[in-house]
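Everything below belongs to protein.tsv, which stores TSV, C-alpha atoms.
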```
chain	number	residue	atom	x	y	z
M	1	MET	CA	14.81	-176.59	78.19
M	2	GLN	CA	12.62	-178.82	76.10
M	3	ASN	CA	14.98	-179.08	73.17
M	4	ILE	CA	17.75	-180.88	75.02
M	5	GLN	CA	17.51	-184.61	74.71
M	6	LYS	CA	17.47	-186.56	77.90
M	7	PRO	CA	20.30	-189.07	78.14
M	8	ALA	CA	19.18	-192.55	77.12
M	9	VAL	CA	20.48	-193.95	80.37
M	10	SER	CA	18.90	-192.87	83.61
M	11	SER	CA	20.86	-192.97	86.81
M	12	ASP	CA	19.76	-195.20	89.63
M	13	ALA	CA	19.47	-194.25	93.25
M	14	ASN	CA	22.87	-195.77	94.03
M	15	LEU	CA	24.70	-193.60	91.58
M	16	GLN	CA	22.82	-190.53	92.76
M	17	ARG	CA	23.83	-191.30	96.29
M	18	GLU	CA	27.43	-191.84	95.26
M	19	VAL	CA	27.55	-188.49	93.43
M	20	ALA	CA	25.86	-186.78	96.37
M	21	GLU	CA	28.50	-188.17	98.72
M	22	LEU	CA	31.25	-187.04	96.37
M	23	MET	CA	29.80	-183.53	96.37
M	24	ILE	CA	29.34	-183.42	100.12
M	25	GLU	CA	32.91	-184.54	100.64
M	26	CYS	CA	34.56	-182.17	98.21
M	27	LEU	CA	32.56	-179.12	99.29
M	28	ASN	CA	32.35	-179.94	103.01
M	29	LEU	CA	28.58	-179.55	102.86
M	30	GLU	CA	26.80	-179.82	106.17
M	31	ILE	CA	24.08	-182.20	105.02
M	32	THR	CA	23.85	-185.94	104.40
M	33	ALA	CA	23.30	-187.63	101.06
M	34	GLU	CA	19.76	-188.59	102.19
M	35	GLN	CA	18.90	-184.96	102.84
M	36	MET	CA	19.84	-183.95	99.35
M	37	ASN	CA	16.85	-183.52	97.06
M	38	PRO	CA	17.89	-184.95	93.69
M	39	ASP	CA	15.75	-182.41	91.85
M	40	ALA	CA	16.73	-179.26	93.73
M	41	PRO	CA	18.83	-176.84	91.67
M	42	LEU	CA	22.53	-177.02	92.48
M	43	TYR	CA	23.00	-173.30	91.98
M	44	GLY	CA	21.61	-170.56	94.12
M	45	GLU	CA	18.39	-171.34	95.92
M	46	GLY	CA	18.47	-175.09	96.07
M	47	LEU	CA	21.81	-176.23	97.43
M	48	GLY	CA	23.22	-172.72	97.41
M	49	LEU	CA	26.41	-173.56	95.55
M	50	ASP	CA	28.30	-170.81	93.81
M	51	SER	CA	29.94	-171.14	90.42
M	52	ILE	CA	33.29	-172.11	91.90
M	53	ASP	CA	31.66	-174.86	93.95
M	54	VAL	CA	30.12	-176.15	90.76
M	55	LEU	CA	33.51	-175.98	89.06
M	56	GLU	CA	34.91	-178.08	91.87
M	57	VAL	CA	32.14	-180.63	91.45
M	58	ALA	CA	32.76	-180.65	87.70
M	59	LEU	CA	36.47	-181.31	88.18
M	60	VAL	CA	35.98	-184.05	90.77
M	61	VAL	CA	33.22	-185.76	88.86
M	62	SER	CA	35.02	-185.68	85.53
M	63	LYS	CA	38.09	-187.21	87.14
M	64	ARG	CA	36.21	-189.88	89.07
M	65	TYR	CA	34.07	-191.04	86.14
M	66	GLY	CA	36.35	-190.20	83.23
M	67	LEU	CA	34.01	-187.63	81.68
M	68	GLN	CA	35.01	-185.06	79.11
M	69	LEU	CA	33.39	-181.72	79.83
M	70	ARG	CA	33.72	-179.01	77.25
M	71	ALA	CA	33.05	-175.30	77.30
M	72	ASP	CA	30.44	-174.01	74.87
M	73	SER	CA	28.41	-177.16	75.12
M	74	ALA	CA	24.75	-176.29	75.26
M	75	GLU	CA	24.26	-179.24	77.57
M	76	ASN	CA	26.36	-177.95	80.46
M	77	GLN	CA	23.60	-175.95	81.99
M	78	HIS	CA	21.31	-178.93	81.84
M	79	ILE	CA	23.91	-181.36	83.21
M	80	PHE	CA	24.59	-179.23	86.28
M	81	ASN	CA	20.99	-178.35	86.86
M	82	SER	CA	20.41	-180.85	89.66
M	83	LEU	CA	21.88	-183.91	91.29
M	84	ARG	CA	19.60	-186.09	89.18
M	85	SER	CA	20.61	-184.51	85.88
M	86	LEU	CA	24.28	-184.75	86.79
M	87	ALA	CA	23.96	-188.41	87.78
M	88	ASP	CA	22.02	-189.12	84.57
M	89	HIS	CA	24.80	-187.59	82.55
M	90	ILE	CA	27.42	-189.62	84.39
M	91	ALA	CA	25.45	-192.83	83.84
M	92	ALA	CA	25.29	-192.12	80.11
M	93	GLN	CA	28.85	-190.91	79.57
M	94	ARG	CA	31.06	-192.56	82.16
M	95	THR	CA	34.18	-194.31	80.97
M	96	CYS	CA	35.26	-195.70	84.31
H	1	MET	CA	27.67	-144.00	75.75
H	2	LEU	CA	27.33	-140.85	73.63
H	3	LEU	CA	29.27	-138.89	76.23
H	4	LEU	CA	31.97	-141.51	76.24
H	5	ARG	CA	32.17	-141.48	72.48
H	6	ALA	CA	32.45	-137.68	72.53
H	7	MET	CA	35.16	-137.86	75.16
H	8	ALA	CA	37.02	-140.49	73.15
H	9	TRP	CA	36.76	-138.27	70.07
H	10	ILE	CA	38.17	-135.26	71.94
H	11	SER	CA	40.98	-137.40	73.30
H	12	MET	CA	41.96	-138.92	69.99
H	13	HIS	CA	41.56	-135.83	67.81
H	14	LEU	CA	42.45	-132.93	70.06
H	15	GLY	CA	45.13	-134.77	71.94
H	16	ARG	CA	45.87	-135.98	75.42
H	17	ARG	CA	46.52	-132.46	76.74
H	18	VAL	CA	43.06	-131.15	75.86
H	19	GLY	CA	41.53	-134.37	77.15
H	20	ARG	CA	43.31	-133.88	80.43
H	21	ALA	CA	41.96	-130.36	80.82
H	22	VAL	CA	38.51	-131.92	80.81
H	23	LEU	CA	39.73	-134.34	83.49
H	24	HIS	CA	40.57	-131.53	85.85
H	25	LEU	CA	36.98	-130.42	85.56
H	26	SER	CA	35.68	-133.87	86.30
H	27	ALA	CA	38.05	-134.37	89.26
H	28	GLY	CA	36.86	-131.02	90.63
H	29	TYR	CA	33.27	-132.01	90.08
H	30	PHE	CA	33.66	-135.24	92.03
H	31	LEU	CA	35.52	-133.49	94.79
H	32	LEU	CA	32.67	-131.02	95.23
H	33	PHE	CA	29.60	-133.08	94.44
H	34	ALA	CA	30.31	-136.67	95.41
H	35	PRO	CA	30.40	-136.60	99.22
H	36	ALA	CA	30.31	-140.39	99.66
H	37	SER	CA	33.33	-140.83	97.39
H	38	ARG	CA	35.06	-137.94	99.09
H	39	ARG	CA	34.55	-139.53	102.51
H	40	ALA	CA	35.90	-142.85	101.26
H	41	SER	CA	38.89	-141.10	99.71
H	42	ARG	CA	39.65	-139.20	102.91
H	43	ASP	CA	39.36	-142.33	105.02
H	44	TYR	CA	41.63	-144.29	102.71
H	45	LEU	CA	44.24	-141.52	102.33
H	46	ARG	CA	44.47	-141.11	106.08
H	47	ARG	CA	45.50	-144.77	106.30
H	48	ALA	CA	47.80	-144.77	103.28
H	49	LEU	CA	49.55	-141.45	103.94
H	50	GLY	CA	49.65	-141.88	107.70
H	51	ARG	CA	48.41	-138.31	108.23
H	52	PRO	CA	45.17	-136.38	107.78
H	53	PRO	CA	44.80	-135.74	104.04
H	54	ARG	CA	44.50	-132.22	102.70
H	55	TRP	CA	42.15	-131.05	99.95
H	56	ARG	CA	45.07	-131.20	97.58
H	57	ASP	CA	45.50	-134.92	98.35
H	58	LEU	CA	41.85	-135.60	97.73
H	59	TYR	CA	41.99	-133.72	94.46
H	60	ARG	CA	45.05	-135.64	93.37
H	61	HIS	CA	43.33	-138.91	94.26
H	62	PHE	CA	40.30	-138.10	92.08
H	63	PHE	CA	42.49	-136.77	89.31
H	64	THR	CA	44.65	-139.91	89.26
H	65	PHE	CA	41.52	-142.00	88.92
H	66	ALA	CA	40.18	-139.84	86.08
H	67	ALA	CA	43.58	-139.85	84.34
H	68	THR	CA	43.84	-143.64	84.28
H	69	ILE	CA	40.30	-143.94	82.93
H	70	HIS	CA	41.13	-141.37	80.28
H	71	ASP	CA	44.36	-143.13	79.32
H	72	ARG	CA	42.39	-146.25	78.63
H	73	VAL	CA	41.14	-144.56	75.49
H	74	TYR	CA	44.71	-144.40	74.22
H	75	LEU	CA	45.69	-147.83	75.43
H	76	VAL	CA	42.68	-149.40	73.79
H	77	ASN	CA	43.61	-147.60	70.59
H	78	ARG	CA	47.15	-148.95	70.93
H	79	ARG	CA	48.75	-145.51	71.23
H	80	PHE	CA	51.53	-146.91	73.41
H	81	ASP	CA	53.92	-144.36	71.93
H	82	LEU	CA	52.34	-141.66	74.12
H	83	PHE	CA	53.46	-143.30	77.33
H	84	ASP	CA	56.53	-144.14	79.25
H	85	PHE	CA	56.19	-147.57	80.86
H	86	GLU	CA	58.59	-149.01	83.38
H	87	VAL	CA	58.15	-152.75	83.68
H	88	HIS	CA	59.21	-154.58	86.82
H	89	GLY	CA	59.15	-158.35	87.01
H	90	GLY	CA	58.25	-159.06	83.37
H	91	ASP	CA	60.74	-161.93	83.42
H	92	ILE	CA	58.71	-163.64	86.14
H	93	LEU	CA	55.68	-163.62	83.91
H	94	ARG	CA	57.58	-165.01	80.92
H	95	ARG	CA	59.26	-167.71	82.96
H	96	LEU	CA	55.95	-168.93	84.35
H	97	LEU	CA	54.26	-168.74	80.96
H	98	ALA	CA	57.02	-170.85	79.47
H	99	GLY	CA	55.58	-173.72	81.54
H	100	GLY	CA	52.80	-173.79	78.94
H	101	LYS	CA	49.98	-174.32	81.44
H	102	GLY	CA	48.89	-170.70	81.61
H	103	LEU	CA	48.55	-168.59	84.70
H	104	PHE	CA	46.23	-166.29	86.61
H	105	LEU	CA	47.04	-162.61	86.65
H	106	ILE	CA	45.42	-161.10	89.70
H	107	GLY	CA	45.08	-157.38	90.12
H	108	ALA	CA	43.01	-154.92	92.10
H	109	HIS	CA	41.27	-151.60	91.65
H	110	LEU	CA	44.75	-150.20	92.15
H	111	GLY	CA	46.32	-148.36	89.23
H	112	SER	CA	45.42	-149.44	85.72
H	113	PHE	CA	45.01	-153.05	84.69
H	114	GLU	CA	44.56	-151.88	81.12
H	115	VAL	CA	48.30	-151.28	80.76
H	116	ILE	CA	48.67	-155.03	80.27
H	117	ARG	CA	47.80	-154.24	76.68
H	118	ALA	CA	51.09	-152.36	76.47
H	119	ILE	CA	52.95	-155.47	77.59
H	120	GLY	CA	51.07	-157.45	74.99
H	121	ARG	CA	52.36	-155.28	72.15
H	122	LYS	CA	55.74	-157.03	72.33
H	123	ASP	CA	54.37	-160.53	72.79
H	124	THR	CA	51.36	-160.82	70.62
H	125	ASP	CA	50.31	-164.00	72.38
H	126	LEU	CA	49.95	-162.15	75.65
H	127	ARG	CA	46.22	-161.73	75.48
H	128	VAL	CA	44.49	-161.73	78.77
H	129	ALA	CA	40.98	-163.06	79.13
H	130	MET	CA	39.34	-161.20	81.99
H	131	ILE	CA	36.94	-162.90	84.35
H	132	MET	CA	34.18	-160.70	85.65
H	133	ARG	CA	30.52	-160.58	86.46
H	134	GLU	CA	28.26	-160.86	83.47
H	135	ASP	CA	26.69	-157.40	83.87
H	136	ASN	CA	30.11	-155.77	84.16
H	137	ALA	CA	31.35	-157.71	81.17
H	138	ARG	CA	28.54	-156.33	79.04
H	139	LYS	CA	29.19	-152.76	80.17
H	140	ILE	CA	32.91	-152.99	79.53
H	141	ASN	CA	32.53	-154.47	76.10
H	142	ALA	CA	30.00	-151.80	75.16
H	143	MET	CA	32.51	-149.20	76.30
H	144	LEU	CA	35.40	-150.78	74.39
H	145	ALA	CA	33.28	-151.10	71.28
H	146	ALA	CA	32.53	-147.38	71.50
H	147	ILE	CA	36.22	-146.53	71.69
H	148	ASN	CA	37.67	-149.07	69.29
H	149	PRO	CA	35.61	-151.96	67.96
H	150	GLU	CA	38.75	-154.00	67.37
H	151	ALA	CA	39.75	-153.80	71.00
H	152	VAL	CA	36.84	-155.73	72.45
H	153	GLN	CA	38.34	-157.85	75.13
H	154	ASP	CA	38.07	-161.53	75.77
H	155	ILE	CA	35.80	-161.56	78.75
H	156	ILE	CA	34.60	-164.62	80.57
H	157	GLY	CA	31.42	-163.86	82.48
H	158	LEU	CA	31.02	-165.53	85.85
H	159	GLY	CA	28.09	-167.55	86.88
H	160	HIS	CA	27.94	-170.64	84.69
H	161	VAL	CA	29.62	-174.00	84.69
H	162	ASP	CA	30.50	-173.11	81.19
H	163	SER	CA	32.49	-170.07	82.19
H	164	MET	CA	34.64	-172.21	84.45
H	165	LEU	CA	35.29	-174.67	81.67
H	166	LYS	CA	36.26	-171.77	79.42
H	167	VAL	CA	38.76	-170.59	81.99
H	168	ARG	CA	40.26	-174.05	82.10
H	169	GLU	CA	40.51	-174.25	78.31
H	170	ARG	CA	42.19	-170.88	78.19
H	171	LEU	CA	44.77	-171.97	80.73
H	172	ASP	CA	45.31	-175.35	79.08
H	173	ALA	CA	46.21	-173.47	75.90
H	174	GLY	CA	48.91	-171.63	77.87
H	175	GLY	CA	46.93	-168.39	78.16
H	176	LEU	CA	46.52	-165.75	80.82
H	177	VAL	CA	43.35	-165.28	82.78
H	178	GLY	CA	42.96	-161.99	84.63
H	179	MET	CA	40.84	-161.11	87.66
H	180	LEU	CA	40.50	-158.19	90.02
H	181	ALA	CA	40.27	-159.76	93.45
H	182	ASP	CA	39.70	-156.87	95.84
H	183	ARG	CA	35.95	-156.41	95.63
H	184	THR	CA	33.32	-158.72	96.97
H	185	SER	CA	30.54	-159.27	94.55
H	186	ASP	CA	27.68	-161.63	95.39
H	187	ASN	CA	27.37	-163.57	98.57
H	188	GLY	CA	30.58	-165.53	98.17
H	189	ALA	CA	32.83	-166.53	101.04
H	190	LEU	CA	35.13	-163.88	102.50
H	191	HIS	CA	38.56	-164.00	104.01
H	192	PRO	CA	39.63	-161.53	106.72
H	193	VAL	CA	42.91	-159.73	106.07
H	194	GLN	CA	44.85	-156.71	107.24
H	195	VAL	CA	45.35	-153.89	104.76
H	196	LEU	CA	46.94	-150.60	105.87
H	197	GLY	CA	46.72	-151.61	109.47
H	198	ALA	CA	43.02	-152.37	109.62
H	199	HIS	CA	40.73	-155.34	109.06
H	200	ALA	CA	39.14	-155.81	105.67
H	201	HIS	CA	37.45	-158.68	103.89
H	202	LEU	CA	38.42	-160.08	100.53
H	203	PRO	CA	36.47	-162.51	98.36
H	204	LYS	CA	37.83	-166.04	98.36
H	205	GLY	CA	36.43	-166.84	94.93
H	206	PRO	CA	39.32	-165.76	92.69
H	207	PHE	CA	41.91	-167.61	94.75
H	208	ARG	CA	39.72	-170.68	95.14
H	209	MET	CA	39.48	-170.84	91.39
H	210	ALA	CA	43.25	-170.64	90.97
H	211	ALA	CA	43.73	-173.30	93.65
H	212	LEU	CA	41.16	-175.63	92.09
H	213	LEU	CA	42.67	-175.29	88.66
H	214	GLN	CA	46.17	-175.62	90.17
H	215	ARG	CA	47.89	-172.73	88.43
H	216	PRO	CA	50.49	-170.12	89.29
H	217	VAL	CA	49.18	-166.70	90.28
H	218	VAL	CA	51.01	-163.48	89.47
H	219	PHE	CA	50.01	-160.14	90.95
H	220	MET	CA	49.84	-157.23	88.55
H	221	THR	CA	49.35	-153.51	88.91
H	222	GLY	CA	49.99	-150.58	86.54
H	223	LEU	CA	50.68	-147.64	88.85
H	224	TYR	CA	50.15	-144.17	87.46
H	225	LEU	CA	53.12	-142.00	88.37
H	226	GLY	CA	51.95	-138.70	86.86
H	227	GLY	CA	52.50	-137.15	83.45
H	228	ASN	CA	52.63	-139.95	80.94
H	229	ARG	CA	54.42	-142.39	83.23
H	230	TYR	CA	53.27	-145.78	84.45
H	231	ALA	CA	55.13	-148.39	86.45
H	232	ILE	CA	53.95	-151.90	85.74
H	233	HIS	CA	54.71	-154.42	88.44
H	234	PHE	CA	54.47	-158.19	88.32
H	235	ASP	CA	55.00	-160.05	91.58
H	236	PRO	CA	54.82	-163.77	92.16
H	237	LEU	CA	51.82	-164.33	94.43
H	238	ALA	CA	51.21	-168.06	94.75
H	239	ASP	CA	51.70	-171.26	92.87
H	240	PHE	CA	48.97	-173.83	93.29
H	241	SER	CA	50.41	-176.15	90.61
H	242	THR	CA	51.31	-178.90	93.05
H	243	VAL	CA	48.90	-178.11	95.89
H	244	LYS	CA	46.79	-181.13	96.75
H	245	ARG	CA	43.30	-180.93	98.18
H	246	ASP	CA	44.26	-181.46	101.80
H	247	GLN	CA	46.76	-178.58	101.63
H	248	ARG	CA	44.46	-176.29	99.70
H	249	ASP	CA	42.96	-174.30	102.57
H	250	ALA	CA	46.35	-173.50	104.03
H	251	ALA	CA	47.70	-172.48	100.61
H	252	LEU	CA	44.63	-170.34	100.02
H	253	THR	CA	45.08	-168.50	103.31
H	254	ALA	CA	48.76	-167.92	102.59
H	255	ALA	CA	47.99	-166.61	99.09
H	256	MET	CA	45.31	-164.21	100.30
H	257	ASN	CA	47.50	-162.86	103.05
H	258	ARG	CA	50.24	-162.31	100.50
H	259	TYR	CA	47.76	-160.54	98.22
H	260	ALA	CA	46.73	-158.26	101.10
H	261	ALA	CA	50.41	-157.55	101.84
H	262	LEU	CA	50.97	-156.59	98.19
H	263	LEU	CA	47.96	-154.26	98.27
H	264	ASP	CA	49.35	-152.72	101.41
H	265	GLN	CA	52.81	-152.34	99.87
H	266	TYR	CA	51.61	-150.68	96.66
H	267	CYS	CA	49.07	-148.44	98.40
H	268	ARG	CA	51.89	-147.00	100.44
H	269	LYS	CA	54.17	-146.76	97.43
H	270	ALA	CA	51.64	-145.05	95.17
H	271	PRO	CA	48.82	-143.86	97.46
H	272	TYR	CA	46.72	-142.06	94.85
H	273	ASN	CA	46.23	-145.22	92.79
H	274	TRP	CA	43.63	-146.85	95.00
H	275	PHE	CA	40.32	-146.77	93.14
H	276	ASN	CA	37.89	-148.24	95.63
H	277	PHE	CA	35.81	-145.19	96.43
H	278	PHE	CA	33.69	-146.92	99.05
H	279	ASP	CA	34.33	-148.10	102.58
H	280	PHE	CA	36.72	-150.94	101.88
H	281	TRP	CA	37.28	-151.56	105.59
H	282	GLN	CA	33.65	-152.18	106.45
H	283	PRO	CA	32.95	-155.20	108.63
H	284	ALA	CA	31.88	-158.45	106.97
H	285	PRO	CA	28.15	-158.94	106.60
H	286	ALA	CA	26.72	-161.11	109.37
H	287	THR	CA	25.34	-163.60	106.87
H	288	THR	CA	28.66	-164.76	105.44
H	289	PRO	CA	28.11	-168.27	104.08
H	290	SER	CA	30.18	-170.96	105.71
H	291	THR	CA	31.29	-172.71	102.54
H	292	SER	CA	35.03	-172.55	102.14
```

As structure tokens - that is how I would like this structure written.
Amino acid sequence: MQNIQKPAVSSDANLQREVAELMIECLNLEITAEQMNPDAPLYGEGLGLDSIDVLEVALVVSKRYGLQLRADSAENQHIFNSLRSLADHIAAQRTC
Amino acid sequence: MLLLRAMAWISMHLGRRVGRAVLHLSAGYFLLFAPASRRASRDYLRRALGRPPRWRDLYRHFFTFAATIHDRVYLVNRRFDLFDFEVHGGDILRRLLAGGKGLFLIGAHLGSFEVIRAIGRKDTDLRVAMIMREDNARKINAMLAAINPEAVQDIIGLGHVDSMLKVRERLDAGGLVGMLADRTSDNGALHPVQVLGAHAHLPKGPFRMAALLQRPVVFMTGLYLGGNRYAIHFDPLADFSTVKRDQRDAALTAAMNRYAALLDQYCRKAPYNWFNFFDFWQPAPATTPSTS
């Protein structure tokens, strides 16, 4: 997806770690935050999450960081592509 | 699709009686030439009837399936006048909808889910958005478009973050979201249950979604009773509205066991309405993922 602009703010390693821990906790994943490759796809082959897992992550993350996620946003697929893209989005859009 | 269009034309122009004559042919065809379906039917009927099924039972099973598919043509074309619907538990649905936060309507391949359109004729706001796999969604909408282009259903395809957000928006607007929760699709997590006295596995996905989005769940089935008669049943299944995360797993288990008990109950009540013509009671695959 070349046409989607990257958020102006990039996440740092701390935020990525925080989001990883949030995901591990809410999905009871059997890995540690260090083992999580920030660029691996969240869906399917990478982390192996299904769409309901990703919904759970979306709900938890939007609550924790005060994000507004909308359906029909072309960005959604990009945001939930990987841990890094999700953390980048949070860094750019967080309200708390 | 041409065949379907032709069948729809026969049904609409020559009437339900002529259409049904064609159905007897197709039920007979399946009975004779679809051995895998026949085996599944026999296995299921033995459990549901509590005795070895006869050929007549098998025929009736296939015919009931064909009849409900055929009646879809009329339901989609809003010919509700042709049918006699009994509705049980409609007040439950209205009471829960009055909460304004929407609800999940969970059904099965048991009877006809399409009869919900008949309920919707009185309350025009009772439109159900169905959640299903993307490939199924495309097929169904192509079919509906062939029968009646105005009837194309609101379908939310699974598999994206976006689809989940759409479900939430639908519910937030007080709407109904429908799912059939008796077939396992991809490699999602399974829950063991008892249906008709034997172990079976049901997908956790639909109930996990309802639990995550904290909504009430109502069970729905439209049982075909023969002739032009259907009995539509709504039963309260679960209410996740106030279920917190630490209680979620327990609530999920309770809801799925209740769902299995409802399947059991309605299979015994209307045995020929079960439309899973495969081995529903097969053991779970060994590679079941551990995510809950």

What's around Ala20 (chain M) at 8 Å? Count only C-alpha atoms, leave out sequence neighbours fewer than 5 positions away in its own chain, and write the answer as a ChimeraX atom specification. /M:33,36,83

Using C-alpha atoms, can you export the residues from the last selection as a short mmCIF file (atom, residue, chain, number, x, y, z; two decimals), in the frame of the given file?
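Saved as selection.cif:
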```
data_model
loop_
_atom_site.label_atom_id
_atom_site.label_comp_id
_atom_site.auth_asym_id
_atom_site.auth_seq_id
_atom_site.Cartn_x
_atom_site.Cartn_y
_atom_site.Cartn_z
CA ALA M 33 23.30 -187.63 101.06
CA MET M 36 19.84 -183.95 99.35
CA LEU M 83 21.88 -183.91 91.29
#
```

If we count only C-alpha atoms, which residues of chain H reach to within 8 Å of chain M? Please list them as a count of residues only. 17

Selection near region 234-237 of chain H, 6 Å with only C-alpha atoms, sequence-local residues under 6 positions removed, as a PDB file with C-alpha atoms, in the frame of the given file:
```pdb
ATOM      1  CA  GLY H  89      59.150-158.350  87.010  1.00  0.00           C
ATOM      2  CA  VAL H 217      49.180-166.700  90.280  1.00  0.00           C
ATOM      3  CA  VAL H 218      51.010-163.480  89.470  1.00  0.00           C
ATOM      4  CA  PHE H 219      50.010-160.140  90.950  1.00  0.00           C
ATOM      5  CA  MET H 220      49.840-157.230  88.550  1.00  0.00           C
TER       6      MET H 220
END
```

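Residue nearest Arg168 (chain H), chosen from H:Leu213, H:Leu82, H:Leu105, H:Leu14 and counting only C-alpha atoms: H:Leu213.
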
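CA of Phe62 (chain H) sits 8.5 Å away from CA of Ser26 (chain H).
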
Can you tell me which residues surround His191 (chain H) at a distance of at most 8 Å, considering all atoms listed in the file, apart from same-chain residues fewer than 5 positions away, and format the answer as a ChimeraX atom specification? /H:201-204,253,256

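We find CA of Asp182 (chain H) and CA of Arg268 (chain H) to be spaced 16.3 Å apart.
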
Within 12 Å of Pro53 (chain H) using only C-alpha atoms, minus same-chain residues under 2 positions, as a PyMOL selection string: chain H and resi 38-51+55-61+271-272

Please indicate the distance in Å from CA of Val195 (chain H) to CA of Pro52 (chain H), rounded to one decimal place. 17.8 Å

Take region 221-238 of chain H, model N, CA and C atoms, and hand the result over as a JSON list (two decimals), keeping the file's coordinate frame.
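Done, and the output landed in selection-v8.json:
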```json
[["chain", "number", "residue", "atom", "x", "y", "z"],
["H", 221, "THR", "N", 49.95, -154.83, 88.80],
["H", 221, "THR", "CA", 49.35, -153.51, 88.91],
["H", 221, "THR", "C", 50.09, -152.56, 87.95],
["H", 222, "GLY", "N", 49.37, -151.61, 87.40],
["H", 222, "GLY", "CA", 49.99, -150.58, 86.54],
["H", 222, "GLY", "C", 49.82, -149.24, 87.25],
["H", 223, "LEU", "N", 50.80, -148.84, 88.03],
["H", 223, "LEU", "CA", 50.68, -147.64, 88.85],
["H", 223, "LEU", "C", 50.90, -146.39, 88.00],
["H", 224, "TYR", "N", 50.02, -145.43, 88.17],
["H", 224, "TYR", "CA", 50.15, -144.17, 87.46],
["H", 224, "TYR", "C", 51.06, -143.25, 88.26],
["H", 225, "LEU", "N", 52.13, -142.79, 87.63],
["H", 225, "LEU", "CA", 53.12, -142.00, 88.37],
["H", 225, "LEU", "C", 53.03, -140.52, 88.06],
["H", 226, "GLY", "N", 52.06, -140.12, 87.24],
["H", 226, "GLY", "CA", 51.95, -138.70, 86.86],
["H", 226, "GLY", "C", 52.47, -138.51, 85.45],
["H", 227, "GLY", "N", 52.07, -137.41, 84.83],
["H", 227, "GLY", "CA", 52.50, -137.15, 83.45],
["H", 227, "GLY", "C", 52.04, -138.28, 82.55],
["H", 228, "ASN", "N", 53.00, -138.83, 81.81],
["H", 228, "ASN", "CA", 52.63, -139.95, 80.94],
["H", 228, "ASN", "C", 53.31, -141.23, 81.42],
["H", 229, "ARG", "N", 53.63, -141.27, 82.73],
["H", 229, "ARG", "CA", 54.42, -142.39, 83.23],
["H", 229, "ARG", "C", 53.61, -143.42, 84.03],
["H", 230, "TYR", "N", 53.86, -144.67, 83.70],
["H", 230, "TYR", "CA", 53.27, -145.78, 84.45],
["H", 230, "TYR", "C", 54.37, -146.75, 84.86],
["H", 231, "ALA", "N", 54.21, -147.32, 86.03],
["H", 231, "ALA", "CA", 55.13, -148.39, 86.45],
["H", 231, "ALA", "C", 54.31, -149.67, 86.55],
["H", 232, "ILE", "N", 54.69, -150.64, 85.74],
["H", 232, "ILE", "CA", 53.95, -151.90, 85.74],
["H", 232, "ILE", "C", 54.72, -152.90, 86.58],
["H", 233, "HIS", "N", 54.04, -153.46, 87.56],
["H", 233, "HIS", "CA", 54.71, -154.42, 88.44],
["H", 233, "HIS", "C", 54.07, -155.80, 88.33],
["H", 234, "PHE", "N", 54.92, -156.80, 88.20],
["H", 234, "PHE", "CA", 54.47, -158.19, 88.32],
["H", 234, "PHE", "C", 55.18, -158.79, 89.53],
["H", 235, "ASP", "N", 54.41, -159.40, 90.41],
["H", 235, "ASP", "CA", 55.00, -160.05, 91.58],
["H", 235, "ASP", "C", 54.45, -161.45, 91.70],
["H", 236, "PRO", "N", 55.33, -162.43, 91.96],
["H", 236, "PRO", "CA", 54.82, -163.77, 92.16],
["H", 236, "PRO", "C", 53.93, -163.77, 93.41],
["H", 237, "LEU", "N", 52.76, -164.39, 93.31],
["H", 237, "LEU", "CA", 51.82, -164.33, 94.43],
["H", 237, "LEU", "C", 51.63, -165.71, 95.06],
["H", 238, "ALA", "N", 51.42, -166.70, 94.23],
["H", 238, "ALA", "CA", 51.21, -168.06, 94.75],
["H", 238, "ALA", "C", 51.41, -169.01, 93.59]]
```
